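File shown: protein22.csv. Contents: CSV, C-alpha atoms.
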```
chain,number,residue,atom,x,y,z
A,1,ASP,CA,4.6,9.4,8.9
A,2,VAL,CA,2.6,7.6,11.5
A,3,LYS,CA,2.2,4.0,10.7
A,4,VAL,CA,-0.4,1.6,11.9
A,5,THR,CA,0.4,-1.9,10.9
A,6,GLN,CA,-2.1,-4.7,11.0
A,7,SER,CA,-0.5,-8.1,10.9
A,8,SER,CA,-2.7,-9.8,8.3
A,9,ARG,CA,-4.5,-8.4,5.2
A,10,TYR,CA,-6.7,-11.5,4.7
A,11,LEU,CA,-7.6,-14.2,7.1
A,12,VAL,CA,-9.8,-17.3,6.8
A,13,LYS,CA,-10.9,-19.0,10.0
A,14,ARG,CA,-13.2,-21.8,11.0
A,15,THR,CA,-16.3,-21.3,13.2
A,16,GLY,CA,-15.4,-21.8,16.8
A,17,GLU,CA,-11.7,-20.9,16.4
A,18,LYS,CA,-10.0,-18.4,18.6
A,19,VAL,CA,-8.8,-15.5,16.4
A,20,PHE,CA,-6.1,-12.9,17.2
A,21,LEU,CA,-5.9,-9.7,15.2
A,22,GLU,CA,-2.8,-7.7,15.9
A,23,CYS,CA,-2.2,-4.0,15.5
A,24,VAL,CA,1.1,-2.1,16.1
A,25,GLN,CA,1.6,1.7,15.9
A,26,ASP,CA,5.0,3.5,15.8
A,27,MET,CA,4.1,7.0,17.0
A,28,ASP,CA,3.8,6.6,20.7
A,29,HIS,CA,0.1,7.3,20.5
A,30,GLU,CA,-1.9,6.8,23.7
A,31,ASN,CA,-5.2,6.0,22.1
A,32,MET,CA,-5.9,2.9,20.0
A,33,PHE,CA,-9.2,1.6,18.5
A,34,TRP,CA,-10.7,-1.4,16.8
A,35,TYR,CA,-13.5,-1.0,14.3
A,36,ARG,CA,-15.4,-3.3,12.0
A,37,GLN,CA,-16.7,-2.1,8.7
A,38,ASP,CA,-19.6,-3.7,6.9
A,39,PRO,CA,-21.5,-2.6,3.8
A,40,GLY,CA,-24.4,-0.4,4.7
A,41,LEU,CA,-23.4,-0.2,8.4
A,42,GLY,CA,-20.3,2.0,8.2
A,43,LEU,CA,-17.6,1.9,10.9
A,44,ARG,CA,-18.7,0.4,14.2
A,45,LEU,CA,-16.4,0.8,17.3
A,46,ILE,CA,-15.7,-2.5,19.0
A,47,TYR,CA,-13.2,-1.5,21.7
A,48,PHE,CA,-10.8,1.3,22.5
A,49,SER,CA,-7.9,1.9,24.8
A,50,TYR,CA,-6.6,5.1,26.3
A,51,ASP,CA,-3.5,3.7,27.8
A,52,VAL,CA,-1.6,0.5,28.5
A,53,LYS,CA,-3.8,-2.2,30.2
A,54,MET,CA,-6.8,0.1,29.9
A,55,LYS,CA,-9.8,-0.8,27.7
A,56,GLU,CA,-13.3,0.5,27.1
A,57,LYS,CA,-16.2,-1.1,25.4
A,58,GLY,CA,-17.4,0.5,22.2
A,59,ASP,CA,-20.7,0.1,20.5
A,60,ILE,CA,-20.5,-3.6,19.6
A,61,PRO,CA,-18.2,-5.4,22.1
A,62,GLU,CA,-20.1,-8.7,22.3
A,63,GLY,CA,-18.0,-11.7,21.1
A,64,TYR,CA,-14.8,-9.7,21.3
A,65,SER,CA,-12.1,-9.0,23.8
A,66,VAL,CA,-8.9,-6.9,23.6
A,67,SER,CA,-5.5,-6.8,25.1
A,68,ARG,CA,-3.0,-3.9,25.4
A,69,GLU,CA,0.1,-5.0,27.3
A,70,LYS,CA,2.4,-2.5,25.5
A,71,LYS,CA,1.6,1.0,24.4
A,72,GLU,CA,2.3,0.3,20.7
A,73,ARG,CA,0.3,-2.9,20.4
A,74,PHE,CA,-3.5,-3.5,20.6
A,75,SER,CA,-4.9,-6.9,20.0
A,76,LEU,CA,-8.4,-7.9,19.1
A,77,ILE,CA,-9.5,-11.4,20.1
A,78,LEU,CA,-12.5,-13.3,18.8
A,79,GLU,CA,-13.0,-15.9,21.5
A,80,SER,CA,-15.0,-18.2,19.4
A,81,ALA,CA,-15.3,-17.0,15.8
A,82,SER,CA,-18.8,-17.1,14.2
A,83,THR,CA,-19.9,-16.4,10.6
A,84,ASN,CA,-21.5,-13.1,11.6
A,85,GLN,CA,-18.0,-11.9,12.5
A,86,THR,CA,-17.0,-12.0,8.9
A,87,SER,CA,-16.0,-8.4,8.2
A,88,MET,CA,-13.3,-5.9,7.5
A,89,TYR,CA,-11.5,-5.0,10.8
A,90,LEU,CA,-9.7,-1.7,11.1
A,91,CYS,CA,-7.3,-0.6,13.8
A,92,ALA,CA,-6.6,3.1,14.4
A,93,SER,CA,-4.5,5.2,16.8
A,94,SER,CA,-4.4,8.8,17.8
A,95,PRO,CA,-2.8,11.1,20.4
A,96,PRO,CA,-5.0,12.2,23.3
A,97,PRO,CA,-7.6,14.9,22.5
A,98,GLY,CA,-5.9,17.7,24.2
A,99,GLY,CA,-7.4,20.2,21.8
A,100,GLY,CA,-6.4,21.1,18.3
A,101,ASP,CA,-6.0,19.0,15.3
A,102,TYR,CA,-5.9,15.3,15.8
A,103,GLY,CA,-7.3,12.6,13.7
A,104,TYR,CA,-7.1,8.9,13.7
A,105,THR,CA,-4.5,7.1,11.7
A,106,PHE,CA,-5.9,3.8,10.4
A,107,GLY,CA,-4.2,0.6,9.4
A,108,SER,CA,-4.9,-1.0,6.0
A,109,GLY,CA,-7.4,-3.4,7.5
A,110,THR,CA,-7.8,-7.1,7.9
A,111,ARG,CA,-10.5,-8.8,5.9
A,112,LEU,CA,-11.6,-11.8,8.0
A,113,THR,CA,-13.8,-14.6,6.7
A,114,VAL,CA,-15.2,-17.1,9.1
A,115,VAL,CA,-16.4,-20.3,7.4
B,1,GLN,CA,-30.9,9.0,15.4
B,2,LYS,CA,-27.2,8.7,14.6
B,3,GLU,CA,-25.1,11.5,15.8
B,4,VAL,CA,-23.5,11.9,12.4
B,5,GLU,CA,-25.7,11.2,9.3
B,6,GLN,CA,-24.4,10.7,5.8
B,7,ASP,CA,-26.1,9.6,2.6
B,8,PRO,CA,-24.3,6.4,1.6
B,9,GLY,CA,-24.9,6.9,-2.1
B,10,PRO,CA,-23.5,5.6,-4.4
B,11,LEU,CA,-22.8,8.8,-6.3
B,12,SER,CA,-21.6,8.6,-9.8
B,13,VAL,CA,-20.4,11.7,-11.7
B,14,PRO,CA,-18.5,12.4,-15.0
B,15,GLU,CA,-14.9,13.5,-14.9
B,16,GLY,CA,-14.5,17.2,-14.4
B,17,ALA,CA,-17.7,17.6,-12.4
B,18,ILE,CA,-18.0,19.4,-9.1
B,19,VAL,CA,-18.9,16.9,-6.4
B,20,SER,CA,-20.7,17.9,-3.2
B,21,LEU,CA,-20.7,15.5,-0.3
B,22,ASN,CA,-22.7,16.2,2.8
B,23,CYS,CA,-23.3,15.2,6.4
B,24,THR,CA,-25.4,16.4,9.3
B,25,TYR,CA,-24.7,16.1,12.9
B,26,SER,CA,-26.8,16.4,16.1
B,27,ASN,CA,-24.4,17.1,18.9
B,28,SER,CA,-24.0,20.8,19.5
B,29,ALA,CA,-20.8,20.2,21.4
B,30,PHE,CA,-19.0,19.0,18.3
B,31,GLN,CA,-16.1,21.3,17.4
B,32,TYR,CA,-13.8,19.3,15.2
B,33,PHE,CA,-14.8,18.1,11.8
B,34,MET,CA,-12.9,15.8,9.5
B,35,TRP,CA,-13.2,14.1,6.1
B,36,TYR,CA,-11.6,10.7,5.5
B,37,ARG,CA,-11.1,9.1,2.1
B,38,GLN,CA,-11.0,5.3,1.8
B,39,TYR,CA,-9.9,3.5,-1.4
B,40,SER,CA,-11.2,0.0,-2.0
B,41,ARG,CA,-9.6,-2.6,0.3
B,42,LYS,CA,-7.6,0.1,2.2
B,43,GLY,CA,-8.0,1.9,5.5
B,44,PRO,CA,-9.4,5.4,5.7
B,45,GLU,CA,-6.9,8.3,5.4
B,46,LEU,CA,-7.4,11.8,6.8
B,47,LEU,CA,-8.2,14.2,3.9
B,48,MET,CA,-9.4,17.4,5.5
B,49,TYR,CA,-9.8,18.9,9.0
B,50,THR,CA,-11.8,21.9,10.1
B,51,TYR,CA,-12.2,23.4,13.5
B,52,SER,CA,-15.6,25.1,14.3
B,53,SER,CA,-17.4,26.9,11.5
B,54,GLY,CA,-15.9,28.1,8.2
B,55,ASN,CA,-14.2,26.9,5.1
B,56,LYS,CA,-10.9,25.2,4.5
B,57,GLU,CA,-9.4,24.7,1.1
B,58,ASP,CA,-6.7,22.3,-0.1
B,59,GLY,CA,-6.1,22.2,-3.8
B,60,ARG,CA,-9.3,20.8,-5.4
B,61,PHE,CA,-10.9,20.1,-2.1
B,62,THR,CA,-12.9,22.5,0.1
B,63,ALA,CA,-14.4,21.5,3.5
B,64,GLN,CA,-17.2,23.6,4.9
B,65,VAL,CA,-18.9,23.6,8.3
B,66,ASP,CA,-22.0,25.4,9.2
B,67,LYS,CA,-22.6,25.0,12.9
B,68,SER,CA,-25.8,26.9,12.9
B,69,SER,CA,-27.4,24.3,10.7
B,70,LYS,CA,-25.1,21.4,11.9
B,71,TYR,CA,-24.1,20.8,8.3
B,72,ILE,CA,-20.7,19.5,7.0
B,73,SER,CA,-19.8,19.5,3.4
B,74,LEU,CA,-16.9,18.5,1.2
B,75,PHE,CA,-16.6,19.9,-2.3
B,76,ILE,CA,-14.3,18.4,-5.0
B,77,ARG,CA,-13.6,20.6,-8.0
B,78,ASP,CA,-12.6,19.1,-11.4
B,79,SER,CA,-13.2,15.6,-10.1
B,80,GLN,CA,-10.8,12.9,-11.4
B,81,PRO,CA,-11.3,9.1,-11.7
B,82,SER,CA,-8.6,8.9,-9.0
B,83,ASP,CA,-11.1,10.5,-6.6
B,84,SER,CA,-13.3,7.4,-6.8
B,85,ALA,CA,-13.4,6.2,-3.2
B,86,THR,CA,-15.6,6.2,-0.1
B,87,TYR,CA,-15.7,9.5,1.8
B,88,LEU,CA,-16.4,9.5,5.5
B,89,CYS,CA,-17.2,12.5,7.5
B,90,ALA,CA,-16.4,12.5,11.2
B,91,SER,CA,-16.9,14.9,14.2
B,92,ARG,CA,-16.0,15.1,17.8
B,93,GLY,CA,-16.3,17.3,20.8
B,94,GLY,CA,-13.6,18.1,23.4
B,95,LEU,CA,-12.1,15.7,25.9
B,96,TYR,CA,-15.1,15.7,28.1
B,97,ASN,CA,-17.6,15.0,25.4
B,98,GLN,CA,-17.5,11.2,24.9
B,99,GLY,CA,-13.8,11.3,25.7
B,100,GLY,CA,-13.2,13.2,22.5
B,101,LYS,CA,-13.9,10.1,20.3
B,102,LEU,CA,-14.5,10.6,16.7
B,103,ILE,CA,-18.1,9.8,15.5
B,104,PHE,CA,-18.2,8.7,11.9
B,105,GLY,CA,-20.8,9.0,9.3
B,106,GLN,CA,-21.7,5.9,7.2
B,107,GLY,CA,-19.6,7.0,4.3
B,108,THR,CA,-20.5,8.0,0.7
B,109,GLU,CA,-19.3,5.9,-2.2
B,110,LEU,CA,-18.2,8.1,-5.1
B,111,SER,CA,-17.4,7.0,-8.6
B,112,VAL,CA,-15.9,9.4,-11.1
B,113,LYS,CA,-16.3,8.2,-14.7
B,114,PRO,CA,-13.8,9.1,-17.4
```

Using C-alpha coordinates, write down the structure that the file contains.
Amino acid sequence: DVKVTQSSRYLVKRTGEKVFLECVQDMDHENMFWYRQDPGLGLRLIYFSYDVKMKEKGDIPEGYSVSREKKERFSLILESASTNQTSMYLCASSPPPGGGDYGYTFGSGTRLTVV
Amino acid sequence: QKEVEQDPGPLSVPEGAIVSLNCTYSNSAFQYFMWYRQYSRKGPELLMYTYSSGNKEDGRFTAQVDKSSKYISLFIRDSQPSDSATYLCASRGGLYNQGGKLIFGQGTELSVKP
(Lines of atoms letter the chains of each structure in order from A and count residues from 1; the text may use other names and numbers.)
(Lines give C-alpha, C1' and ligand atoms only; values in the text may rest on other atoms or scores of the structure.)
Protein backbone atom coordinates (compact mmCIF):
# COMPACT_ATOMS: atom_id res chain seq x y z
CA ASP A 1 0.00 0.00 0.00
CA VAL A 2 1.12 3.54 -0.73
CA LYS A 3 1.93 5.39 2.38
CA VAL A 4 2.04 9.11 2.83
CA THR A 5 3.44 10.00 6.20
CA GLN A 6 3.13 13.40 7.80
CA SER A 7 5.63 13.96 10.56
CA SER A 8 3.27 15.40 13.17
CA ARG A 9 -0.39 14.81 13.95
CA TYR A 10 -0.75 17.85 16.19
CA LEU A 11 1.37 20.99 16.43
CA VAL A 12 1.04 24.13 18.51
CA LYS A 13 3.16 27.08 17.47
CA ARG A 14 3.42 30.71 18.43
CA THR A 15 2.64 33.64 16.16
CA GLY A 16 5.72 34.64 14.18
CA GLU A 17 7.43 31.27 14.41
CA LYS A 18 8.79 29.57 11.32
CA VAL A 19 6.99 26.23 10.96
CA PHE A 20 8.00 23.19 8.94
CA LEU A 21 5.51 20.50 8.01
CA GLU A 22 7.10 17.39 6.56
CA CYS A 23 5.58 14.82 4.22
CA VAL A 24 7.17 11.61 2.95
CA GLN A 25 5.75 9.11 0.44
CA ASP A 26 7.12 5.67 -0.29
CA MET A 27 5.73 4.85 -3.75
CA ASP A 28 8.03 6.86 -5.98
CA HIS A 29 5.22 9.20 -6.98
CA GLU A 30 6.13 12.20 -9.09
CA ASN A 31 3.33 14.46 -7.88
CA MET A 32 2.93 15.80 -4.37
CA PHE A 33 0.44 18.29 -2.96
CA TRP A 34 -0.22 20.36 0.12
CA TYR A 35 -3.78 21.28 1.09
CA ARG A 36 -5.38 22.96 4.02
CA GLN A 37 -8.85 21.96 5.15
CA ASP A 38 -11.14 24.27 7.09
CA PRO A 39 -14.80 23.83 8.10
CA GLY A 40 -17.09 25.23 5.43
CA LEU A 41 -14.24 25.82 2.98
CA GLY A 42 -13.29 22.27 2.01
CA LEU A 43 -9.86 21.39 0.67
CA ARG A 44 -7.82 24.28 -0.66
CA LEU A 45 -4.62 23.67 -2.62
CA ILE A 46 -1.61 25.56 -1.30
CA TYR A 47 1.26 24.26 -3.45
CA PHE A 48 2.05 21.26 -5.58
CA SER A 49 5.09 19.73 -7.19
CA TYR A 50 5.43 17.61 -10.31
CA ASP A 51 9.05 16.71 -9.81
CA VAL A 52 12.09 17.26 -7.66
CA LYS A 53 12.94 20.94 -7.24
CA MET A 54 9.76 21.91 -9.10
CA LYS A 55 6.88 23.72 -7.45
CA GLU A 56 3.70 25.39 -8.58
CA LYS A 57 1.41 27.72 -6.65
CA GLY A 58 -2.03 26.47 -5.85
CA ASP A 59 -5.05 28.56 -4.96
CA ILE A 60 -3.84 29.99 -1.63
CA PRO A 61 0.00 30.17 -1.60
CA GLU A 62 0.30 33.43 0.33
CA GLY A 63 2.23 33.02 3.57
CA TYR A 64 3.57 29.59 2.57
CA SER A 65 6.55 28.20 0.72
CA VAL A 66 7.58 24.64 -0.15
CA SER A 67 10.68 22.59 -0.71
CA ARG A 68 11.19 19.40 -2.66
CA GLU A 69 14.82 18.40 -2.62
CA LYS A 70 14.13 14.67 -2.89
CA LYS A 71 11.38 12.88 -4.78
CA GLU A 72 9.89 11.29 -1.69
CA ARG A 73 9.79 14.40 0.51
CA PHE A 74 7.71 17.55 0.20
CA SER A 75 7.92 20.17 2.92
CA LEU A 76 5.53 23.00 3.63
CA ILE A 77 6.98 26.07 5.33
CA LEU A 78 5.08 28.77 7.14
CA GLU A 79 7.58 31.62 7.09
CA SER A 80 5.97 33.54 9.96
CA ALA A 81 3.00 31.70 11.42
CA SER A 82 -0.18 33.64 12.00
CA THR A 83 -3.39 32.70 13.79
CA ASN A 84 -5.29 32.54 10.48
CA GLN A 85 -3.05 29.65 9.49
CA THR A 86 -4.57 27.49 12.21
CA SER A 87 -5.94 24.59 10.20
CA MET A 88 -5.72 20.93 9.23
CA TYR A 89 -2.91 20.45 6.71
CA LEU A 90 -3.05 17.48 4.35
CA CYS A 91 -0.30 16.16 2.13
CA ALA A 92 -1.06 13.96 -0.87
CA SER A 93 0.86 12.18 -3.60
CA SER A 94 -0.02 10.63 -6.96
CA PRO A 95 1.56 9.22 -10.10
CA PRO A 96 1.47 11.51 -13.15
CA PRO A 97 -1.87 11.71 -14.99
CA GLY A 98 -0.95 9.54 -17.94
CA GLY A 99 -4.51 8.44 -18.31
CA GLY A 100 -6.43 5.79 -16.53
CA ASP A 101 -7.12 5.37 -12.88
CA TYR A 102 -5.16 7.51 -10.57
CA GLY A 103 -6.16 9.17 -7.40
CA TYR A 104 -4.40 10.99 -4.67
CA THR A 105 -3.17 9.19 -1.58
CA PHE A 106 -3.44 11.41 1.44
CA GLY A 107 -1.54 11.47 4.70
CA SER A 108 -3.37 11.50 8.02
CA GLY A 109 -3.04 15.25 8.35
CA THR A 110 -1.38 17.69 10.72
CA ARG A 111 -3.63 19.79 12.89
CA LEU A 112 -1.74 23.03 13.41
CA THR A 113 -2.77 25.56 16.02
CA VAL A 114 -1.09 28.97 16.02
CA VAL A 115 -1.46 30.86 19.28
CA GLN B 1 -18.76 29.38 -9.59
CA LYS B 2 -16.72 26.51 -8.26
CA GLU B 3 -15.84 23.83 -10.78
CA VAL B 4 -17.18 21.12 -8.48
CA GLU B 5 -20.13 21.91 -6.24
CA GLN B 6 -21.27 19.75 -3.34
CA ASP B 7 -23.87 20.33 -0.66
CA PRO B 8 -21.95 20.31 2.65
CA GLY B 9 -24.88 18.95 4.64
CA PRO B 10 -24.81 17.77 7.35
CA LEU B 11 -26.92 14.78 6.40
CA SER B 12 -28.33 12.52 9.09
CA VAL B 13 -30.05 9.20 8.29
CA PRO B 14 -31.19 6.15 10.28
CA GLU B 15 -29.25 2.92 10.03
CA GLY B 16 -30.32 0.86 7.02
CA ALA B 17 -31.37 3.85 4.91
CA ILE B 18 -30.29 4.40 1.34
CA VAL B 19 -28.03 7.45 1.15
CA SER B 20 -27.66 9.60 -1.94
CA LEU B 21 -24.75 12.03 -2.13
CA ASN B 22 -24.49 14.36 -5.09
CA CYS B 23 -22.18 16.77 -6.85
CA THR B 24 -22.32 18.89 -9.97
CA TYR B 25 -19.40 20.03 -12.07
CA SER B 26 -18.98 22.67 -14.74
CA ASN B 27 -15.92 21.65 -16.79
CA SER B 28 -16.95 19.60 -19.82
CA ALA B 29 -13.40 18.29 -20.13
CA PHE B 30 -13.62 16.34 -16.88
CA GLN B 31 -13.38 12.62 -17.57
CA TYR B 32 -12.38 11.04 -14.27
CA PHE B 33 -14.60 11.09 -11.22
CA MET B 34 -13.82 9.95 -7.71
CA TRP B 35 -15.33 9.74 -4.28
CA TYR B 36 -13.23 10.02 -1.16
CA ARG B 37 -14.28 9.16 2.39
CA GLN B 38 -12.80 11.02 5.32
CA TYR B 39 -13.26 9.90 8.88
CA SER B 40 -12.92 12.44 11.66
CA ARG B 41 -9.31 13.54 12.24
CA LYS B 42 -8.06 11.39 9.35
CA GLY B 43 -6.98 12.06 5.78
CA PRO B 44 -9.35 11.31 2.87
CA GLU B 45 -9.16 7.85 1.35
CA LEU B 46 -10.22 6.87 -2.17
CA LEU B 47 -13.55 5.08 -2.09
CA MET B 48 -14.76 4.87 -5.69
CA TYR B 49 -13.46 5.78 -9.13
CA THR B 50 -15.40 6.15 -12.39
CA TYR B 51 -14.22 7.01 -15.88
CA SER B 52 -16.64 8.94 -18.09
CA SER B 53 -20.36 8.22 -17.79
CA GLY B 54 -21.97 5.19 -16.24
CA ASN B 55 -22.24 3.27 -13.02
CA LYS B 56 -19.75 1.43 -10.88
CA GLU B 57 -20.71 -0.80 -8.00
CA ASP B 58 -18.61 -1.99 -5.09
CA GLY B 59 -20.51 -3.80 -2.38
CA ARG B 60 -22.99 -1.39 -0.81
CA PHE B 61 -21.60 1.56 -2.77
CA THR B 62 -22.58 2.68 -6.27
CA ALA B 63 -20.98 5.61 -8.08
CA GLN B 64 -22.87 7.15 -10.96
CA VAL B 65 -21.83 9.78 -13.48
CA ASP B 66 -24.14 11.54 -15.94
CA LYS B 67 -21.95 13.64 -18.20
CA SER B 68 -24.93 15.07 -20.09
CA SER B 69 -26.13 16.82 -16.94
CA LYS B 70 -22.69 17.06 -15.30
CA TYR B 71 -23.96 15.21 -12.26
CA ILE B 72 -22.00 12.86 -9.97
CA SER B 73 -23.69 10.64 -7.40
CA LEU B 74 -22.73 8.17 -4.72
CA PHE B 75 -25.35 5.78 -3.35
CA ILE B 76 -24.89 3.84 -0.14
CA ARG B 77 -27.28 0.94 0.46
CA ASP B 78 -28.07 -0.43 3.91
CA SER B 79 -26.14 2.39 5.54
CA GLN B 80 -24.23 1.59 8.73
CA PRO B 81 -23.01 3.79 11.59
CA SER B 82 -19.48 3.03 10.36
CA ASP B 83 -20.37 4.94 7.17
CA SER B 84 -20.52 8.15 9.21
CA ALA B 85 -17.84 10.34 7.64
CA THR B 86 -17.35 13.24 5.28
CA TYR B 87 -17.63 12.29 1.61
CA LEU B 88 -15.79 14.33 -0.99
CA CYS B 89 -16.36 14.14 -4.71
CA ALA B 90 -13.50 14.97 -7.07
CA SER B 91 -13.06 15.31 -10.82
CA ARG B 92 -10.30 15.93 -13.29
CA GLY B 93 -9.60 16.20 -16.98
CA GLY B 94 -6.61 14.83 -18.83
CA LEU B 95 -3.01 15.92 -18.54
CA TYR B 96 -3.57 19.08 -20.56
CA ASN B 97 -6.55 20.20 -18.54
CA GLN B 98 -5.14 22.00 -15.51
CA GLY B 99 -2.31 19.48 -15.47
CA GLY B 100 -4.75 16.73 -14.61
CA LYS B 101 -5.16 18.02 -11.07
CA LEU B 102 -8.11 16.77 -9.08
CA ILE B 103 -10.73 19.38 -8.27
CA PHE B 104 -12.56 18.60 -5.03
CA GLY B 105 -16.06 19.39 -3.87
CA GLN B 106 -16.54 20.86 -0.43
CA GLY B 107 -17.49 17.52 1.14
CA THR B 108 -20.78 16.29 2.64
CA GLU B 109 -20.84 15.29 6.29
CA LEU B 110 -22.90 12.13 6.77
CA SER B 111 -24.12 10.74 10.07
CA VAL B 112 -25.81 7.33 10.25
CA LYS B 113 -27.73 6.91 13.49
CA PRO B 114 -28.15 3.42 15.06

Inset, instruction - Please return, as a ChimeraX atom specification, all residues of chain A lying within 10 Å of chain B when all atoms listed in the file are considered. - result: /A:4,9,31,33,37-45,48,50,88-92,94,96-111

Inset, instruction - Could you check how far atom CA of B:Glu15 sits from atom CA of B:Arg37, in Å to one decimal? - result: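 Pair atom CA of B:Glu15 / atom CA of B:Arg37 returns 18.0 Å.
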
Inset, instruction - Measure the distance from atom CA of B:Ala85 to atom CA of B:Asp66 in Å and round it to one decimal. - result: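 Interatomic distance here is 24.4 Å.
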
Inset, instruction - Would you kindly return, as a VMD selection string, each protein, DNA or RNA residue with an atom no farther than 9 Å from any atom of A:Val12, considering all atoms listed in the file and excluding same-chain residues fewer than 4 positions away? - result: chain A and resid 111 to 115

Inset, instruction - Figure out the distance between atom CA of A:Lys70 and atom CA of A:Gly16, please, to one decimal in Å. - result: 27.7 Å

Inset, instruction - Select all residues near (-11.4, -6.1, 21.4) (cut-off 6 Å, inclusive, file coordinates), counting only C-alpha atoms, and output them as a PyMOL selection string. - result: chain A and resi 47+64-66+76-77

Inset, instruction - Skip A:Thr5 itself and residues of its chain fewer than 3 positions away, then list as a PyMOL selection string all residues within 7 Å of it, counting all atoms listed in the file. - result: chain A and resi 23-25+107
